[in-house]
>>> print(open('model12.txt').read())   # compact mmCIF, C-alpha atoms
# COMPACT_ATOMS: atom_id res chain seq x y z
CA MET A 1 -10.74 48.65 21.17
CA HIS A 2 -9.83 45.07 20.25
CA SER A 3 -6.72 45.03 22.46
CA GLN A 4 -8.72 46.65 25.29
CA LYS A 5 -11.34 43.90 25.03
CA ASN A 6 -8.64 41.21 25.12
CA TRP A 7 -7.11 42.85 28.22
CA ARG A 8 -10.49 42.91 29.96
CA GLU A 9 -11.23 39.30 29.04
CA CYS A 10 -7.80 38.15 30.25
CA SER A 11 -8.16 40.09 33.49
CA MET A 12 -11.37 38.14 34.27
CA VAL A 13 -9.87 34.69 33.66
CA GLU A 14 -9.80 32.34 36.63
CA TRP A 15 -7.01 29.80 36.89
CA LYS A 16 -7.86 26.54 38.62
CA MET A 17 -6.21 23.19 39.03
CA LEU A 18 -8.24 20.80 36.92
CA LYS A 19 -9.27 18.75 39.98
CA GLU A 20 -10.75 21.86 41.62
CA GLU A 21 -13.28 22.33 38.83
CA MET A 22 -13.56 18.96 37.09
CA ASN A 23 -13.39 15.22 37.62
CA VAL A 24 -11.08 12.77 35.90
CA LEU A 25 -13.14 9.64 35.21
CA ARG A 26 -11.65 6.27 34.46
CA GLY A 27 -13.57 3.88 32.27
CA LYS A 28 -14.24 0.18 32.49
CA ARG A 29 -12.50 -2.39 30.34
CA LEU A 30 -14.45 -4.62 27.99
CA THR A 31 -13.28 -7.96 26.61
CA LYS A 32 -13.04 -8.15 22.82
CA ASN A 33 -15.78 -10.76 22.56
CA LEU A 34 -18.27 -8.10 23.76
CA LEU A 35 -17.50 -5.81 20.82
CA SER A 36 -19.54 -5.93 17.62
CA ASP A 37 -19.63 -3.83 14.44
CA ASP A 38 -23.43 -4.07 14.64
CA SER A 39 -23.57 -2.28 18.01
CA SER A 40 -24.34 1.42 18.45
CA TYR A 41 -21.61 3.03 20.54
CA PRO A 42 -17.86 3.39 19.83
CA VAL A 43 -15.42 2.05 22.42
CA TYR A 44 -12.23 3.97 23.23
CA HIS A 45 -9.30 2.36 25.01
CA GLY A 46 -5.64 3.16 24.24
CA GLY A 47 -6.08 5.43 21.22
CA ILE A 48 -8.26 8.12 19.69
CA ASP A 49 -9.59 5.69 17.09
CA PRO A 50 -12.42 3.43 18.32
CA LEU A 51 -11.45 -0.11 19.33
CA GLY A 52 -14.86 -1.35 18.22
CA LYS A 53 -18.53 -0.89 19.16
CA TYR A 54 -20.63 -1.91 22.15
CA GLY A 55 -24.35 -1.97 22.92
CA GLN A 56 -24.12 0.38 25.91
CA TYR A 57 -22.43 3.71 26.70
CA ASN A 58 -20.91 5.16 29.87
CA ARG A 59 -20.04 8.65 28.59
CA GLU A 60 -22.17 11.40 27.09
CA GLU A 61 -21.56 13.20 23.82
CA ASN A 62 -19.15 16.16 23.64
CA THR A 63 -16.71 14.66 26.12
CA VAL A 64 -12.97 15.34 26.29
CA MET A 65 -10.80 12.24 26.67
CA ILE A 66 -7.13 11.73 27.47
CA ILE A 67 -5.53 8.43 26.51
CA ASN A 68 -3.69 7.12 29.55
CA VAL A 69 -2.06 3.84 28.46
CA GLY A 70 -0.06 2.51 25.52
CA ALA A 71 1.81 4.23 22.70
CA SER A 72 -0.80 7.03 22.52
CA ALA A 73 -0.68 7.90 26.24
CA GLY A 74 -1.04 11.66 26.67
CA THR A 75 -3.03 12.13 23.47
CA ILE A 76 -6.15 14.33 23.66
CA GLY A 77 -9.42 13.28 22.03
CA PHE A 78 -12.98 14.54 21.72
CA CYS A 79 -16.11 12.51 21.03
CA ASP A 80 -19.30 14.22 19.86
CA CYS A 81 -21.51 11.16 20.39
CA LYS A 82 -22.29 8.84 23.31
CA PHE A 83 -19.53 6.23 23.75
CA TRP A 84 -17.98 3.63 26.03
CA SER A 85 -14.78 4.64 27.82
CA SER A 86 -12.49 1.76 28.68
CA ASP A 87 -9.85 1.95 31.44
CA GLY A 88 -7.23 3.13 28.95
CA CYS A 89 -9.04 6.41 28.48
CA PHE A 90 -9.60 9.19 31.04
CA CYS A 91 -12.68 11.35 30.51
CA ILE A 92 -13.19 14.84 31.94
CA SER A 93 -16.53 15.77 33.48
CA HIS A 94 -17.28 19.38 34.36
CA SER A 95 -20.01 21.89 35.13
CA ASP A 96 -21.96 24.04 32.67
CA ARG A 97 -19.57 26.94 33.17
CA ILE A 98 -17.06 25.18 30.91
CA ASN A 99 -17.48 24.59 27.17
CA SER A 100 -16.19 21.06 26.45
CA LYS A 101 -14.72 22.11 23.12
CA PHE A 102 -12.87 25.02 24.81
CA LEU A 103 -11.34 22.51 27.27
CA TYR A 104 -10.41 20.22 24.38
CA TYR A 105 -8.62 22.98 22.45
CA TYR A 106 -6.78 24.14 25.56
CA LEU A 107 -5.64 20.62 26.47
CA LEU A 108 -4.37 20.05 22.92
CA GLY A 109 -1.76 22.68 23.70
CA LYS A 110 -0.69 20.58 26.70
CA THR A 111 -0.16 17.38 24.72
CA HIS A 112 3.65 17.66 24.73
CA TYR A 113 3.68 18.19 28.51
CA LEU A 114 1.33 15.28 29.18
CA GLN A 115 3.35 12.95 26.95
CA SER A 116 6.53 14.00 28.79
CA GLN A 117 4.91 12.80 32.04
CA VAL A 118 4.16 9.28 30.78
CA ARG A 119 5.84 6.52 32.80
CA TYR A 120 7.61 3.88 30.67
CA ALA A 121 8.23 1.11 33.21
CA GLY A 122 6.38 -1.67 31.38
CA ILE A 123 3.25 -0.39 29.61
CA PRO A 124 3.42 3.40 29.02
CA THR A 125 1.07 4.98 31.58
CA LEU A 126 -0.14 8.49 32.37
CA ASP A 127 -1.22 8.90 36.01
CA ASN A 128 -4.47 10.70 36.74
CA SER A 129 -2.65 12.89 39.31
CA VAL A 130 -0.72 14.52 36.43
CA VAL A 131 -3.99 15.46 34.73
CA GLU A 132 -5.64 16.63 37.94
CA LYS A 133 -2.81 19.08 38.69
CA LEU A 134 -2.99 20.84 35.32
CA LYS A 135 -3.71 24.57 35.61
CA ILE A 136 -6.77 25.41 33.51
CA PRO A 137 -7.90 28.95 32.53
CA ILE A 138 -11.63 29.64 32.88
CA PRO A 139 -12.71 32.82 31.08
CA SER A 140 -16.38 33.78 30.78
CA LEU A 141 -18.58 31.29 28.96
CA SER A 142 -19.22 33.85 26.20
CA GLU A 143 -15.46 34.17 25.65
CA GLN A 144 -15.06 30.38 25.62
CA ASN A 145 -17.82 30.16 22.99
CA ARG A 146 -16.19 32.89 20.91
CA ILE A 147 -12.83 31.06 20.93
CA VAL A 148 -14.46 27.73 20.09
CA GLY A 149 -16.35 29.33 17.17
CA ILE A 150 -13.10 30.63 15.64
CA LEU A 151 -11.16 27.39 16.12
CA ASP A 152 -14.06 25.24 14.90
CA MET A 153 -14.05 27.28 11.69
CA PHE A 154 -10.39 26.35 11.13
CA THR A 155 -10.82 22.66 12.02
CA THR A 156 -13.86 22.36 9.72
CA SER A 157 -11.82 23.86 6.89
CA ILE A 158 -8.95 21.45 7.66
CA ASP A 159 -11.30 18.45 7.68
CA ASN A 160 -12.81 19.54 4.35
CA LEU A 161 -9.36 19.81 2.78
CA LYS A 162 -8.42 16.35 4.07
CA GLU A 163 -11.60 14.92 2.54
CA GLN A 164 -10.82 16.62 -0.78
CA ILE A 165 -7.27 15.22 -0.74
CA ALA A 166 -8.53 11.70 0.02
CA LEU A 167 -11.08 11.93 -2.82
CA ARG A 168 -8.51 13.31 -5.27
CA ARG A 169 -6.07 10.53 -4.35
CA LYS A 170 -8.73 7.91 -5.08
CA GLN A 171 -9.40 9.52 -8.46
CA TYR A 172 -5.69 9.66 -9.20
CA GLU A 173 -5.14 6.00 -8.28
CA TYR A 174 -8.15 4.93 -10.35
CA TYR A 175 -7.00 6.77 -13.48
CA ARG A 176 -3.37 5.75 -12.95
CA ASP A 177 -4.30 2.07 -12.88
CA GLN A 178 -6.66 2.48 -15.86
CA LEU A 179 -4.08 4.33 -17.95
CA LEU A 180 -1.32 1.86 -17.12
CA ASP A 181 -3.46 -1.20 -17.86
CA LEU A 182 -1.78 -1.63 -21.25
CA GLU A 183 -1.54 -5.40 -21.55
CA GLY A 184 -2.34 -6.55 -25.09
CA LYS A 185 -2.70 -3.05 -26.53
CA GLU A 186 -1.25 -2.28 -29.95
CA GLY A 187 2.35 -1.08 -29.94
CA VAL A 188 2.94 -1.98 -26.28
CA GLU A 189 5.86 -4.25 -25.41
CA ARG A 190 6.42 -6.11 -22.15
CA LEU A 191 10.13 -5.90 -21.40
CA ALA A 192 12.39 -6.73 -18.47
CA LEU A 193 13.14 -3.56 -16.53
CA LYS A 194 16.88 -3.99 -17.10
CA GLU A 195 16.30 -3.70 -20.86
CA VAL A 196 14.98 -0.16 -20.58
CA CYS A 197 16.40 1.18 -17.32
CA GLU A 198 19.70 0.93 -15.44
CA VAL A 199 19.33 0.30 -11.71
CA ILE A 200 22.24 1.92 -9.83
CA ASN A 201 22.96 1.12 -6.19
CA GLY A 202 23.69 3.91 -3.76
CA ARG A 203 26.79 3.96 -1.60
CA ALA A 204 27.07 2.25 1.77
CA TYR A 205 28.68 4.51 4.38
CA SER A 206 30.68 3.97 7.53
CA GLN A 207 29.74 5.96 10.62
CA PRO A 208 33.07 7.86 10.84
CA GLU A 209 32.43 9.29 7.37
CA LEU A 210 29.27 11.04 8.51
CA LEU A 211 29.40 14.65 9.67
CA SER A 212 26.89 17.21 10.93
CA ASP A 213 27.88 19.49 8.05
CA GLY A 214 29.66 19.13 4.73
CA LYS A 215 29.52 19.61 0.98
CA TYR A 216 26.91 16.97 0.15
CA ARG A 217 24.03 15.72 2.25
CA VAL A 218 23.45 11.99 2.61
CA LEU A 219 20.02 10.93 1.40
CA ARG A 220 18.73 7.97 3.37
CA VAL A 221 15.34 6.26 3.15
CA GLY A 222 14.07 8.16 6.20
CA ASN A 223 14.93 11.51 4.59
CA PHE A 224 12.01 11.11 2.19
CA PHE A 225 9.75 11.62 5.21
CA SER A 226 11.83 13.83 7.55
CA ASN A 227 14.42 16.59 7.59
CA ASP A 228 17.07 14.46 9.29
CA SER A 229 20.45 15.42 7.82
CA TRP A 230 23.87 13.81 7.68
CA TYR A 231 26.80 14.75 5.48
CA TYR A 232 29.78 12.91 4.08
CA SER A 233 33.31 14.04 4.66
CA ASP A 234 34.70 15.64 1.49
CA LEU A 235 35.13 12.43 -0.48
CA GLU A 236 35.32 12.49 -4.24
CA LEU A 237 32.92 9.80 -5.41
CA GLU A 238 32.00 8.45 -8.81
CA ASN A 239 29.18 10.40 -10.48
CA LYS A 240 26.83 7.43 -10.15
CA TYR A 241 26.70 7.90 -6.37
CA TYR A 242 25.22 11.40 -6.64
CA CYS A 243 21.65 12.26 -7.46
CA GLU A 244 20.43 15.65 -8.60
CA LYS A 245 17.13 17.45 -9.01
CA GLY A 246 14.84 15.51 -11.36
CA ASP A 247 16.47 12.11 -10.82
CA LEU A 248 14.19 9.10 -10.37
CA LEU A 249 14.91 7.18 -7.16
CA TYR A 250 13.44 4.02 -5.68
CA ALA A 251 13.62 3.06 -2.00
CA TRP A 252 13.99 -0.71 -1.96
CA SER A 253 14.15 -1.35 1.80
CA ALA A 254 11.55 -0.65 4.49
CA SER A 255 9.84 2.38 2.84
CA PHE A 256 9.22 1.06 -0.64
CA GLY A 257 8.42 3.35 -3.50
CA PRO A 258 9.57 5.75 -6.23
CA HIS A 259 10.47 9.41 -5.71
CA ILE A 260 11.40 12.20 -8.07
CA TRP A 261 14.17 14.04 -6.24
CA GLU A 262 13.36 17.77 -6.15
CA GLU A 263 16.19 19.18 -4.04
CA GLU A 264 19.91 19.90 -4.23
CA LYS A 265 22.61 17.44 -5.25
CA VAL A 266 23.08 14.70 -2.64
CA ILE A 267 24.84 11.38 -2.14
CA TYR A 268 22.20 8.68 -1.93
CA HIS A 269 22.47 5.75 0.44
CA TYR A 270 22.75 2.05 -0.35
CA HIS A 271 19.05 1.39 0.42
CA ILE A 272 18.06 3.60 -2.51
CA TRP A 273 18.43 2.93 -6.22
CA LYS A 274 18.80 5.55 -8.92
CA MET A 275 16.77 4.57 -11.98
CA ASP A 276 18.55 5.77 -15.10
CA CYS A 277 15.95 5.48 -17.86
CA GLY A 278 17.12 4.80 -21.40
CA TYR A 279 15.92 6.40 -24.62
CA ARG A 280 12.77 4.25 -24.74
CA LEU A 281 11.38 5.40 -21.41
CA ASN A 282 9.96 8.71 -20.26
CA LYS A 283 11.31 9.13 -16.69
CA LYS A 284 7.99 10.38 -15.34
CA TYR A 285 6.15 7.48 -17.04
CA MET A 286 8.49 5.12 -15.21
CA TYR A 287 7.78 6.96 -11.96
CA TYR A 288 4.04 6.35 -12.37
CA TRP A 289 4.50 2.76 -13.55
CA LEU A 290 6.54 2.01 -10.39
CA GLN A 291 3.37 2.87 -8.40
CA SER A 292 1.05 0.77 -10.57
CA ASP A 293 -0.84 -2.37 -9.58
CA ASP A 294 1.19 -4.31 -12.16
CA MET A 295 4.45 -3.29 -10.48
CA LYS A 296 3.14 -3.96 -6.97
CA LYS A 297 1.84 -7.42 -7.84
CA GLN A 298 5.20 -8.39 -9.30
CA ALA A 299 7.42 -6.75 -6.68
CA PHE A 300 5.61 -7.62 -3.48
CA THR A 301 5.50 -11.33 -4.25
CA ASN A 302 9.32 -11.21 -4.26
CA ILE A 303 10.02 -9.23 -1.09
CA HIS A 304 12.60 -10.79 1.23
CA GLY A 305 13.59 -10.28 4.84
CA ALA A 306 12.14 -11.36 8.17
CA THR A 307 13.21 -8.28 10.17
CA MET A 308 13.42 -5.65 7.40
CA ALA A 309 11.66 -6.28 4.11
CA HIS A 310 13.67 -5.60 0.97
CA LEU A 311 13.66 -6.18 -2.77
CA THR A 312 16.88 -7.40 -4.38
CA LYS A 313 18.39 -5.64 -7.35
CA ALA A 314 18.26 -8.83 -9.46
CA LEU A 315 14.53 -9.23 -8.81
CA MET A 316 13.92 -5.55 -9.55
CA GLU A 317 15.75 -5.79 -12.87
CA ALA A 318 13.71 -8.85 -13.81
CA LEU A 319 10.36 -7.12 -13.32
CA GLN A 320 8.32 -6.69 -16.48
CA VAL A 321 7.53 -3.17 -17.71
CA LEU A 322 4.77 -2.37 -20.20
CA VAL A 323 6.32 0.06 -22.66
CA PRO A 324 4.06 1.96 -25.11
CA SER A 325 5.32 4.54 -27.60
CA LEU A 326 6.98 7.67 -26.23
CA GLN A 327 4.00 9.68 -27.49
CA GLU A 328 1.59 7.51 -25.48
CA GLN A 329 3.88 7.67 -22.44
CA GLN A 330 3.80 11.48 -22.62
CA ARG A 331 0.00 11.49 -22.91
CA ILE A 332 -0.29 9.33 -19.78
CA VAL A 333 2.21 11.50 -17.92
CA SER A 334 0.32 14.70 -18.80
CA ILE A 335 -2.95 13.34 -17.37
CA LEU A 336 -1.37 11.99 -14.18
CA ASP A 337 0.74 15.13 -13.69
CA THR A 338 -2.51 17.13 -13.60
CA PHE A 339 -3.85 14.94 -10.79
CA GLU A 340 -0.56 15.07 -8.89
CA ALA A 341 -0.38 18.87 -9.18
CA SER A 342 -3.95 19.15 -7.91
CA ILE A 343 -3.14 16.96 -4.89
CA GLN A 344 0.02 18.94 -4.15
CA ASN A 345 -1.93 22.19 -4.34
CA LEU A 346 -4.52 20.88 -1.85
CA GLU A 347 -1.75 19.62 0.44
CA ALA A 348 -0.11 23.05 0.37
CA GLN A 349 -3.45 24.64 1.30
CA LEU A 350 -3.85 22.13 4.12
CA LYS A 351 -0.38 22.84 5.48
CA GLU A 352 -1.06 26.60 5.44
CA ARG A 353 -4.45 26.17 7.11
CA GLU A 354 -2.94 23.97 9.83
CA LYS A 355 -0.29 26.62 10.50
CA GLN A 356 -3.00 29.27 10.79
CA TYR A 357 -4.99 27.07 13.15
CA GLU A 358 -1.94 26.46 15.39
CA TYR A 359 -1.17 30.19 15.44
CA TYR A 360 -4.71 31.24 16.40
CA ARG A 361 -5.14 28.41 18.90
CA ASN A 362 -1.98 29.48 20.73
CA LYS A 363 -2.93 33.16 20.52
CA LEU A 364 -6.51 32.73 21.66
CA LEU A 365 -5.66 30.34 24.49
CA THR A 366 -2.79 32.32 26.01
CA PHE A 367 -4.26 34.28 28.91
CA GLU A 368 -1.15 35.34 30.82
>>> encode(input="model12.txt", output="structure tokens")
Amino acid sequence: MHSQKNWRECSMVEWKMLKEEMNVLRGKRLTKNLLSDDSSYPVYHGGIDPLGKYGQYNREENTVMIINVGASAGTIGFCDCKFWSSDGCFCISHSDRINSKFLYYYLLGKTHYLQSQVRYAGIPTLDNSVVEKLKIPIPSLSEQNRIVGILDMFTTSIDNLKEQIALRRKQYEYYRDQLLDLEGKEGVERLALKEVCEVINGRAYSQPELLSDGKYRVLRVGNFFSNDSWYYSDLELENKYYCEKGDLLYAWSASFGPHIWEEEKVIYHYHIWKMDCGYRLNKKYMYYWLQSDDMKKQAFTNIHGATMAHLTKALMEALQVLVPSLQEQQRIVSILDTFEASIQNLEAQLKEREKQYEYYRNKLLTFE
């Protein structure tokens, strides 16, 4: 019965060019001096985050917008309150036979296409003719409402998970900074980092040494945030140039910060240090301390570089570390590990929910 219903619904879907059923409205630019945080209505220009607020509105609530200029050109947005649309933001007006949220969800699936049509001669620009020629499915209003109800359920769940993650991160950061505020406490020493931890430089590579496949992957700073992969030719390197699961690493250029490496053995790049903790330091304690306010205040006053910020090895080794007993370090680690595990669990739930949302959005909005 379910498949029969889907067949019937799909058979009754009209396909129209957007301009046949809707209007693409261009907004009116405001100068920055007209914006005020005390005003009532958000102003959208070249992004889906408000540029500021204004005392008047030119668009109604529940309006679909398409950013048409700047780095975000081709991005789809939706505003559930009255707002001001600037000339960097197309808005779609339509009749009552179309549910705005249905249109929004359908256009989200066209984001890649719209972004591929952006002109890059000067300021990135999306022409309104590209939007007007989009083919839009129009099923019955009851079917549109049904689809919106399902997808809204997923997006609400996603938003709730994001709020939980943000709250848990705040709690984690608060307790981390409280637990690591050890100055003046009994049994705590303030020592230069080089006294308790060896900082080992990664290996600089030459382009000919890099391959698309090989025995060991090259870990670069960007790999912490992407799956980009390069490999070395089969060189035999000193052990210090390899890092393995559980090693503590610190990116000292561009993307600052500590990482516990959780994957296979790799060769780490020159812009990453391996932190080899001595017998007085719990590795995970050091990982948390490298994120602390104390560390940041010391490190970020010593950052160099006009084009790419970096921290020198000598300055890193001179940073002061607060070192309590190993027992106290383990106690701190246990508490912070609980927070970190909780955040990771929520992030895994979020990733799974987003995958489900994408699957159902594509399934529900495919009418061919």
>>> closest_residue(input="model12.txt", among="A:Gly202, A:Gly184, A:Gly122, A:Gly77", to="A:Val64", atoms="all atoms listed in the file")
A:Gly77
>>> closest_atom_pairs(input="model12.txt", of="stretch 59-109 of chain A", to="stretch 348-363 of chain A", cutoff="10 Å", atoms="all atoms listed in the file", output="CSV")
residue,atom,partner,partner_atom,distance
A:Tyr105,CA,A:Arg361,CA,7.4
A:Tyr106,CA,A:Arg361,CA,8.1
A:Leu108,CA,A:Arg361,CA,9.3
A:Gly109,CA,A:Asn362,CA,7.4
>>> write_last_selection(input="model12.txt", atoms="C-alpha atoms", output="CSV table (one decimal), in the coordinates of the input")
chain,number,residue,atom,x,y,z
A,105,TYR,CA,-8.6,23.0,22.4
A,106,TYR,CA,-6.8,24.1,25.6
A,108,LEU,CA,-4.4,20.0,22.9
A,109,GLY,CA,-1.8,22.7,23.7
>>> closest_residue(input="model12.txt", among="A:Asp38, A:Asp152, A:Glu317, A:Asp337", to="A:Ala192", atoms="only C-alpha atoms")
A:Glu317
>>> closest_residue(input="model12.txt", among="A:Lys297, A:Lys110, A:Arg97, A:Arg26", to="A:Thr366", atoms="all atoms listed in the file")
A:Lys110
>>> residues_around(input="model12.txt", residues="A:His45", least_positions_apart="6", cutoff="12 Å", atoms="only C-alpha atoms", output="PyMOL selection string")
chain A and resi 26-32+51-53+65-73+75+77+83-91
>>> atom_distance(input="model12.txt", atom1="atom CA of A:Phe78", atom2="atom CA of A:Lys170")
27.9 Å
>>> residues_near_point(input="model12.txt", point="(-8.1, 7.6, -19.5)", cutoff="9 Å", atoms="all atoms listed in the file", output="PDB file with C-alpha atoms, in the coordinates of the input")
ATOM      1  CA  TYR A 175      -7.000   6.770 -13.480  1.00  0.00           C
ATOM      2  CA  ARG A 176      -3.370   5.750 -12.950  1.00  0.00           C
ATOM      3  CA  GLN A 178      -6.660   2.480 -15.860  1.00  0.00           C
ATOM      4  CA  LEU A 179      -4.080   4.330 -17.950  1.00  0.00           C
ATOM      5  CA  ILE A 332      -0.290   9.330 -19.780  1.00  0.00           C
ATOM      6  CA  ILE A 335      -2.950  13.340 -17.370  1.00  0.00           C
TER       7      ILE A 335
END
>>> closest_residue(input="model12.txt", among="A:Leu315, A:Leu114, A:Ile200, A:Val188", to="A:Asn128", atoms="all atoms listed in the file")
A:Leu114
>>> closest_atom_pairs(input="model12.txt", of="stretch 291-355 of chain A", to="stretch 277-284 of chain A", cutoff="10 Å", atoms="all atoms listed in the file", output="CSV")
residue,atom,partner,partner_atom,distance
A:Val323,CA,A:Leu281,CA,7.5
A:Pro324,CA,A:Leu281,CA,8.9
A:Ser325,CA,A:Arg280,CA,8.0
A:Leu326,CA,A:Asn282,CA,6.8
A:Gln327,CA,A:Asn282,CA,9.4
A:Glu328,CA,A:Asn282,CA,9.9
A:Gln329,CA,A:Asn282,CA,6.5
A:Gln330,CA,A:Asn282,CA,7.2
A:Ile332,CA,A:Lys284,CA,9.5
A:Val333,CA,A:Lys284,CA,6.4
A:Ser334,CA,A:Lys284,CA,9.5
A:Leu336,CA,A:Lys284,CA,9.6
A:Asp337,CA,A:Lys284,CA,8.8
>>> closest_residue(input="model12.txt", among="A:Leu237, A:Leu103, A:Val218, A:Leu249", to="A:Pro139", atoms="all atoms listed in the file")
A:Leu103
